[in-house]
Structure formats: structure tokens, C-alpha cells
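For reference, coords.cif is printed below; it contains mmCIF, C-alpha atoms.
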data_query
loop_
_atom_site.label_atom_id
_atom_site.label_comp_id
_atom_site.auth_asym_id
_atom_site.auth_seq_id
_atom_site.Cartn_x
_atom_site.Cartn_y
_atom_site.Cartn_z
CA GLU O 1 28.62 -23.41 5.94
CA GLN O 2 28.43 -21.74 9.34
CA GLN O 3 24.98 -20.78 10.56
CA LEU O 4 24.48 -17.69 12.68
CA PRO O 5 22.66 -18.23 15.96
CA ALA O 6 18.95 -17.48 15.95
CA ARG O 7 18.03 -14.07 17.34
CA LYS O 8 14.68 -12.67 18.34
CA VAL O 9 13.42 -9.57 16.58
CA ASN O 10 10.96 -6.80 17.37
CA LEU O 11 8.48 -5.71 14.70
CA ILE O 12 8.64 -1.94 14.09
CA HIS O 13 5.47 -1.65 11.99
CA ARG O 14 2.80 -3.85 10.45
CA LEU O 15 1.12 -4.43 7.11
CA ASP O 16 -2.57 -5.06 6.58
CA ARG O 17 -3.50 -8.70 6.23
CA GLY O 18 -3.32 -9.58 2.53
CA ALA O 19 -0.96 -6.69 1.71
CA SER O 20 2.78 -7.03 1.05
CA GLY O 21 6.02 -5.09 0.97
CA CYS O 22 8.73 -3.69 3.23
CA LEU O 23 8.86 -4.72 6.87
CA LEU O 24 11.28 -3.24 9.39
CA PHE O 25 12.57 -5.23 12.38
CA ALA O 26 15.05 -4.57 15.18
CA PHE O 27 17.07 -7.27 16.87
CA ALA O 28 15.77 -8.12 20.33
CA GLN O 29 18.95 -8.71 22.32
CA ASP O 30 18.25 -11.04 25.21
CA THR O 31 21.73 -12.11 26.24
CA SER O 32 22.08 -9.64 29.09
CA VAL O 33 20.20 -7.03 31.05
CA ASP O 34 22.06 -4.23 29.26
CA GLY O 35 21.32 -5.91 25.95
CA GLU O 36 17.62 -5.97 26.71
CA LYS O 37 17.65 -2.28 27.65
CA ALA O 38 19.53 -1.36 24.48
CA SER O 39 17.10 -3.41 22.40
CA CYS O 40 14.10 -1.60 23.88
CA SER O 41 15.75 1.78 23.24
CA ILE O 42 16.52 0.95 19.60
CA THR O 43 13.03 -0.44 19.00
CA LYS O 44 11.36 2.60 20.57
CA ALA O 45 13.62 5.00 18.63
CA LEU O 46 12.76 3.30 15.33
CA ILE O 47 9.04 3.31 16.10
CA ASP O 48 9.20 7.02 16.98
CA SER O 49 11.19 7.75 13.81
CA MET O 50 8.71 5.77 11.71
CA GLN O 51 5.88 7.90 13.11
CA SER O 52 7.68 11.22 12.55
CA LYS O 53 6.66 13.65 9.81
CA ASP O 54 9.99 13.03 8.06
CA ALA O 55 9.33 9.32 7.51
CA THR O 56 7.84 8.29 4.17
CA LYS O 57 6.01 5.10 3.27
CA THR O 58 5.23 4.75 -0.43
CA TYR O 59 2.62 2.17 -1.36
CA LEU O 60 1.55 0.94 -4.78
CA ALA O 61 -2.11 -0.06 -5.16
CA LEU O 62 -3.99 -1.72 -8.00
CA CYS O 63 -7.45 -0.20 -7.97
CA ASP O 64 -10.83 -0.75 -9.58
CA GLY O 65 -11.40 2.29 -11.79
CA ASP O 66 -10.17 4.28 -14.76
CA GLY O 67 -8.67 7.27 -12.93
CA ILE O 68 -11.80 9.40 -13.29
CA TRP O 69 -14.52 9.69 -10.66
CA ASN O 70 -17.39 12.19 -10.41
CA ASP O 71 -15.95 14.06 -13.41
CA VAL O 72 -12.58 14.54 -11.70
CA ASP O 73 -9.59 13.30 -13.71
CA TYR O 74 -7.20 12.18 -11.00
CA LEU O 75 -4.65 10.97 -13.54
CA ASN O 76 -3.78 14.59 -14.33
CA LYS O 77 -3.62 15.89 -10.76
CA GLY O 78 -0.13 14.69 -9.89
CA TRP O 79 0.44 14.30 -6.17
CA PHE O 80 -2.47 15.60 -4.09
CA THR O 81 -3.39 15.36 -0.41
CA PHE O 82 -6.65 13.73 0.64
CA ASP O 83 -7.90 14.47 4.16
CA ASN O 84 -10.92 12.48 5.24
CA PRO O 85 -11.97 10.77 8.50
CA VAL O 86 -11.67 6.98 8.64
CA GLN O 87 -13.32 4.44 10.90
CA ASP O 88 -11.30 2.45 13.42
CA GLU O 89 -11.83 -1.24 14.20
CA ASN O 90 -14.87 -0.35 16.32
CA GLY O 91 -16.52 1.91 13.75
CA LYS O 92 -15.54 5.16 15.49
CA TYR O 93 -14.56 7.98 13.13
CA ILE O 94 -11.02 9.30 13.50
CA GLU O 95 -10.16 12.81 12.30
CA ASP O 96 -6.89 14.18 10.88
CA CYS O 97 -6.22 11.32 8.47
CA ARG O 98 -4.24 12.58 5.50
CA THR O 99 -2.84 10.60 2.58
CA ASP O 100 -0.92 11.82 -0.47
CA PHE O 101 -2.00 10.12 -3.70
CA MET O 102 -0.82 10.00 -7.28
CA PHE O 103 -2.91 8.21 -9.91
CA ILE O 104 -0.30 7.25 -12.49
CA ALA O 105 -1.81 4.93 -15.11
CA SER O 106 -5.09 3.27 -16.07
CA LYS O 107 -6.48 0.70 -18.46
CA THR O 108 -10.04 -0.14 -19.51
CA MET O 109 -10.57 -3.50 -21.18
CA PRO O 110 -13.07 -3.85 -24.04
CA LEU O 111 -16.57 -4.90 -23.08
CA GLU O 112 -17.04 -8.47 -24.26
CA GLU O 113 -20.42 -9.50 -25.60
CA GLY O 114 -22.55 -11.00 -22.88
CA SER O 115 -20.11 -10.09 -20.10
CA ALA O 116 -20.62 -7.75 -17.16
CA ASP O 117 -19.42 -4.17 -17.23
CA GLU O 118 -17.63 -4.71 -13.93
CA GLY O 119 -14.03 -5.78 -13.58
CA ARG O 120 -12.85 -4.06 -16.79
CA LYS O 121 -10.88 -1.20 -15.26
CA ILE O 122 -7.57 -1.01 -13.44
CA THR O 123 -5.61 2.00 -12.17
CA ILE O 124 -2.16 2.06 -10.60
CA VAL O 125 -2.03 4.45 -7.65
CA LEU O 126 0.84 5.54 -5.40
CA ALA O 127 -0.04 6.41 -1.80
CA ARG O 128 1.90 8.04 1.05
CA PRO O 129 -0.05 8.16 4.32
CA HIS O 130 0.79 10.88 6.83
CA SER O 131 -0.63 8.75 9.63
CA GLY O 132 -1.20 5.06 10.12
CA ARG O 133 -4.89 4.79 10.90
CA TYR O 134 -6.83 1.56 10.49
CA HIS O 135 -7.07 0.68 6.76
CA GLN O 136 -6.44 4.35 6.02
CA ILE O 137 -5.31 4.03 2.40
CA ARG O 138 -8.00 1.45 1.68
CA GLN O 139 -10.78 3.58 3.18
CA HIS O 140 -9.60 6.72 1.43
CA LEU O 141 -9.41 5.10 -2.01
CA SER O 142 -12.82 3.45 -1.64
CA SER O 143 -14.46 6.65 -0.39
CA GLY O 144 -17.24 8.36 -2.29
CA THR O 145 -14.80 11.12 -3.22
CA LEU O 146 -12.10 8.99 -4.86
CA GLY O 147 -14.15 5.92 -5.82
CA HIS O 148 -11.21 3.60 -6.58
CA ALA O 149 -11.39 0.64 -4.21
CA ILE O 150 -8.29 -1.54 -4.08
CA LEU O 151 -8.67 -4.83 -5.94
CA GLY O 152 -9.10 -7.74 -3.56
CA ASP O 153 -10.20 -5.57 -0.65
CA SER O 154 -13.07 -7.54 0.88
CA SER O 155 -13.68 -4.96 3.63
CA HIS O 156 -13.99 -1.79 1.55
CA GLY O 157 -14.03 -2.97 -2.07
CA ARG O 158 -16.57 -4.45 -4.43
CA SER O 159 -17.23 -8.16 -3.90
CA ARG O 160 -18.43 -8.92 -7.42
CA THR O 161 -15.47 -7.12 -8.99
CA ASN O 162 -13.07 -9.03 -6.75
CA ARG O 163 -14.64 -12.35 -7.75
CA LEU O 164 -14.25 -11.47 -11.43
CA TRP O 165 -10.55 -10.62 -10.97
CA LYS O 166 -9.96 -13.87 -9.09
CA LYS O 167 -11.58 -15.85 -11.89
CA LYS O 168 -10.08 -14.04 -14.89
CA TYR O 169 -6.71 -12.80 -13.65
CA ASN O 170 -5.90 -15.25 -10.83
CA LEU O 171 -6.11 -12.71 -8.04
CA MET O 172 -5.22 -14.75 -4.97
CA LYS O 173 -7.73 -15.44 -2.22
CA GLU O 174 -7.60 -12.86 0.59
CA ARG O 175 -5.07 -10.83 -1.41
CA VAL O 176 -5.30 -7.05 -1.15
CA CYS O 177 -3.45 -5.44 -4.07
CA LEU O 178 -1.54 -3.04 -1.83
CA HIS O 179 2.26 -3.18 -1.66
CA LEU O 180 4.66 -1.09 0.44
CA THR O 181 7.27 -0.44 -2.23
CA ARG O 182 9.57 1.98 -0.42
CA LEU O 183 10.25 2.83 3.22
CA GLN O 184 12.27 5.90 4.21
CA VAL O 185 12.99 6.37 7.92
CA PRO O 186 15.15 9.22 9.31
CA ALA O 187 18.20 8.48 11.45
CA THR O 188 17.92 7.84 15.18
CA ASP O 189 20.53 7.94 17.96
CA PHE O 190 21.20 4.28 17.17
CA THR O 191 20.65 3.95 13.41
CA ASP O 192 21.48 5.77 10.18
CA ASP O 193 18.89 6.91 7.66
CA ILE O 194 16.99 3.93 6.28
CA ASP O 195 15.84 3.84 2.66
CA ILE O 196 14.73 0.41 1.49
CA SER O 197 12.63 -0.83 -1.41
CA SER O 198 10.66 -3.98 -2.05
CA PRO O 199 10.03 -5.09 -5.65
CA LEU O 200 6.55 -6.15 -6.64
CA PRO O 201 5.88 -9.78 -5.65
CA PRO O 202 5.27 -12.43 -8.33
CA ASP O 203 1.48 -12.48 -7.94
CA LEU O 204 1.10 -8.75 -8.65
CA LYS O 205 3.61 -8.97 -11.51
CA ASN O 206 1.57 -11.79 -13.03
CA ILE O 207 -1.58 -9.65 -12.93
CA LEU O 208 0.20 -6.70 -14.54
CA ARG O 209 1.68 -8.88 -17.31
CA ASN O 210 -1.84 -9.00 -18.71
CA PHE O 211 -1.58 -5.25 -19.39
CA PRO O 212 1.84 -4.44 -20.91
CA ASP O 213 0.66 -1.06 -22.19
CA LEU O 214 -0.42 -0.14 -18.66
CA MET O 215 3.08 -0.82 -17.36
CA GLU O 216 4.65 1.17 -20.19
CA GLN O 217 2.43 4.08 -19.20
CA ALA O 218 3.38 3.74 -15.53
CA ARG O 219 7.11 2.97 -15.80
CA PRO O 220 8.48 6.56 -16.20
CA ILE O 221 6.67 7.77 -13.11
CA LEU O 222 7.58 4.67 -11.09
CA GLU O 223 11.24 5.14 -11.97
CA GLU O 224 11.07 8.84 -11.10
CA GLU O 225 9.54 8.03 -7.71
CA GLY O 226 12.26 5.47 -6.97
#

Would you mind writing the file out in C-alpha cells?
Amino acid sequence: EQQLPARKVNLIHRLDRGASGCLLFAFAQDTSVDGEKASCSITKALIDSMQSKDATKTYLALCDGDGIWNDVDYLNKGWFTFDNPVQDENGKYIEDCRTDFMFIASKTMPLEEGSADEGRKITIVLARPHSGRYHQIRQHLSSGTLGHAILGDSSHGRSRTNRLWKKKYNLMKERVCLHLTRLQVPATDFTDDIDISSPLPPDLKNILRNFPDLMEQARPILEEEG
């Protein structure tokens, strides 16, 4: 079986450490000067297209909560836009950070005798960020307004809850339950429209298998959203 020669690639975007999902690369041609120039042009065009208002990144998050926070039932809001400053790596607040959210399904497990009240709730949330600020989706979901930190998020989530999910549902160490399920990037001068999907990885599927009724509740909306 013939093997193709190895080729370098350029990364068009990144995922948070511990997250998963679609990644887009461009070949980095290095066989000639013209090839290198073309590679830079394609990479830059894809990065610009990814950052345009017509690009869409759809994430699926497993969150700690039941879809209701501060008497607001987010499960019945459909898609809504959340605009709230987030902090960058140095703690500086960045304005104009908007994310579209849809809370699609939730499950609350019975309280077992002698067990803690924490770690009993899970909500499936779809997120589409308008910008790519530092931990934007994670900071928005864990905010005092939405109150649904992503499971496994050690930076913005609840440590005790994360420990309980690791013990009871085999949540992997350093795993953030955030998955880029679909990536839609408009055409450039070098590439056609891109529309790719990434199925849920085995570890997230294994967690969700514990809650078949949750998946039945979520499936129609997930199919509708592609």
C-alpha cells in the first residue's frame, strides 16, 4: 500500500485544552518559494474567513445545572444571545463578547440518602460564539447570570462537583465537557464553503449513556441543528 509523503500543516484555529471536536488545518507547502507564498495566502484566507461574521462554530457542552437559574427557565428560551465581558489570560476584562446559547435538555438525578446534593444535575447546551475570546463559552456559562458551569472545567467550574463526576461517571482527568460539533466556514479565493461535523467522542458518549432519557429529550433538537 503506497504511503503519501508527509506534509506540514498550518493550524487555522485552536481548541481549549481538555475540549474536543473539529480542527481545521491547511497544508503548508514547502517545496518551493511559490508554494510557501501560496500556503501563507491560503492559511491567512482561512483564518480571516473563520473570524468573519458568516462563520459558525457550534459547540455542545455538558453543564452542571438543571436549565433553570435565578428563576429563569433557559430550557424554554430557544436560541438567545448572551453579551458579557470576559477576562483574558491576564485578568483584563474584554468587552463585546457575544455567544448564542440554546439549553436543550436537562436531567436531575434522585437525591440518595446520605449523599451530597451536588453533582446530581446535567444540562446539554449548544453554544455559538460570535468571537473567540479566552475561555469565552466557559466564562459565559459559569457566570452569575447563567450559572451552568461546564462539567470538568477546573478554571471556571465547581471543583467538588467535578470530583463527584469523575468518581461516579468516569469523567476523565483534565477533561472539559465541551465539544466543537460543527464548523461552517464561508468560501475563500482558494477554498469552497466548508461544513464539517465531528461526532461526540467515546468518553462523552459513555457519560451520556447513563442518562438515556436525557438523550431522547435532546435528540430532536440535535438532529434539527445538524

Padding 6 Å on every side, please: axis-aligned box over the listed atoms of region 63-78 of chain O, centre and edge lengths to one decimal in Å, as AutoDock Vina command-line options.
--center_x -8.8 --center_y 7.6 --center_z -11.4 --size_x 29.3 --size_y 28.6 --size_z 18.8

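Taking CA of Ala187 (chain O) as the reference point, CA of Ser52 (chain O) is found at 10.9 Å.
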
List every protein, DNA or RNA residue that has an atom no more than 12 Å from (-5.2, 4.4, 9.1) in the file's coordinate frame, counting only C-alpha atoms, and report them as a PDB file with C-alpha atoms, keeping the file's coordinate frame.
ATOM      1  CA  ARG O  14       2.800  -3.850  10.450  1.00  0.00           C
ATOM      2  CA  LEU O  15       1.120  -4.430   7.110  1.00  0.00           C
ATOM      3  CA  ASP O  16      -2.570  -5.060   6.580  1.00  0.00           C
ATOM      4  CA  ASP O  83      -7.900  14.470   4.160  1.00  0.00           C
ATOM      5  CA  ASN O  84     -10.920  12.480   5.240  1.00  0.00           C
ATOM      6  CA  PRO O  85     -11.970  10.770   8.500  1.00  0.00           C
ATOM      7  CA  VAL O  86     -11.670   6.980   8.640  1.00  0.00           C
ATOM      8  CA  GLN O  87     -13.320   4.440  10.900  1.00  0.00           C
ATOM      9  CA  ASP O  88     -11.300   2.450  13.420  1.00  0.00           C
ATOM     10  CA  GLU O  89     -11.830  -1.240  14.200  1.00  0.00           C
ATOM     11  CA  TYR O  93     -14.560   7.980  13.130  1.00  0.00           C
ATOM     12  CA  ILE O  94     -11.020   9.300  13.500  1.00  0.00           C
ATOM     13  CA  GLU O  95     -10.160  12.810  12.300  1.00  0.00           C
ATOM     14  CA  ASP O  96      -6.890  14.180  10.880  1.00  0.00           C
ATOM     15  CA  CYS O  97      -6.220  11.320   8.470  1.00  0.00           C
ATOM     16  CA  ARG O  98      -4.240  12.580   5.500  1.00  0.00           C
ATOM     17  CA  THR O  99      -2.840  10.600   2.580  1.00  0.00           C
ATOM     18  CA  ARG O 128       1.900   8.040   1.050  1.00  0.00           C
ATOM     19  CA  PRO O 129      -0.050   8.160   4.320  1.00  0.00           C
ATOM     20  CA  HIS O 130       0.790  10.880   6.830  1.00  0.00           C
ATOM     21  CA  SER O 131      -0.630   8.750   9.630  1.00  0.00           C
ATOM     22  CA  GLY O 132      -1.200   5.060  10.120  1.00  0.00           C
ATOM     23  CA  ARG O 133      -4.890   4.790  10.900  1.00  0.00           C
ATOM     24  CA  TYR O 134      -6.830   1.560  10.490  1.00  0.00           C
ATOM     25  CA  HIS O 135      -7.070   0.680   6.760  1.00  0.00           C
ATOM     26  CA  GLN O 136      -6.440   4.350   6.020  1.00  0.00           C
ATOM     27  CA  ILE O 137      -5.310   4.030   2.400  1.00  0.00           C
ATOM     28  CA  ARG O 138      -8.000   1.450   1.680  1.00  0.00           C
ATOM     29  CA  GLN O 139     -10.780   3.580   3.180  1.00  0.00           C
ATOM     30  CA  HIS O 140      -9.600   6.720   1.430  1.00  0.00           C
ATOM     31  CA  LEU O 141      -9.410   5.100  -2.010  1.00  0.00           C
TER      32      LEU O 141
END

Problem set entry | Evaluate the PyMOL selection byres ((chain O and resi 101) around 12) and report residues as JSON, numbers by chain | {"O": [57, 58, 59, 60, 61, 67, 74, 75, 76, 77, 78, 79, 80, 81, 82, 83, 98, 99, 100, 102, 103, 104, 124, 125, 126, 127, 128, 129, 130, 137, 138, 140, 141, 146, 148]}

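Atom pair CA of Lys167 (chain O) / CA of Ile207 (chain O): separated by 11.8 Å.
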
For this session: Please write the residues picked by the PyMOL selection byres ((chain O and resi 109) around 12) on this file as a PyMOL selection string.
Result: chain O and resi 64-66+106-108+110-112+115-123+210-211+213-214

Seminar exercise, completed: Between CA of Glu223 (chain O) and CA of Leu151 (chain O) lies a distance of 23.1 Å

For this session: Would you please work out which residue, of O:Ser49, O:Ser159, O:Thr145, O:Thr188, is nearest to Ile68 (chain O) when using only C-alpha atoms?
Result: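 Residue with the minimum atom-to-atom distance to Ile68 (chain O): O:Thr145.
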
Problem set entry | Which of O:Gly18, O:Pro201, O:Gly226, O:Pro212 sits closest to Ser155 (chain O) [using all atoms listed in the file] | O:Gly18

Do you know which residues lie at most 10 Å from (11.6, -13.4, 15.5), with coordinates as in the file and only C-alpha atoms counted, and could you write them as a compact mmCIF listing (two decimals) with C-alpha atoms, in the frame of the given file?
# COMPACT_ATOMS: atom_id res chain seq x y z
CA ALA O 6 18.95 -17.48 15.95
CA ARG O 7 18.03 -14.07 17.34
CA LYS O 8 14.68 -12.67 18.34
CA VAL O 9 13.42 -9.57 16.58
CA ASN O 10 10.96 -6.80 17.37
CA LEU O 11 8.48 -5.71 14.70
CA PHE O 25 12.57 -5.23 12.38
CA ALA O 26 15.05 -4.57 15.18
CA PHE O 27 17.07 -7.27 16.87
CA ALA O 28 15.77 -8.12 20.33

Exercise. What does the PyMOL selection byres ((chain O and resi 176) around 6) select in this file, as a list in words?
Worked result: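 So the PyMOL selection byres ((chain O and resi 176) around 6) ends up selecting Gly18, Ala19, Gly152, Asp153, Arg175, Cys177 and Leu178 of chain O.
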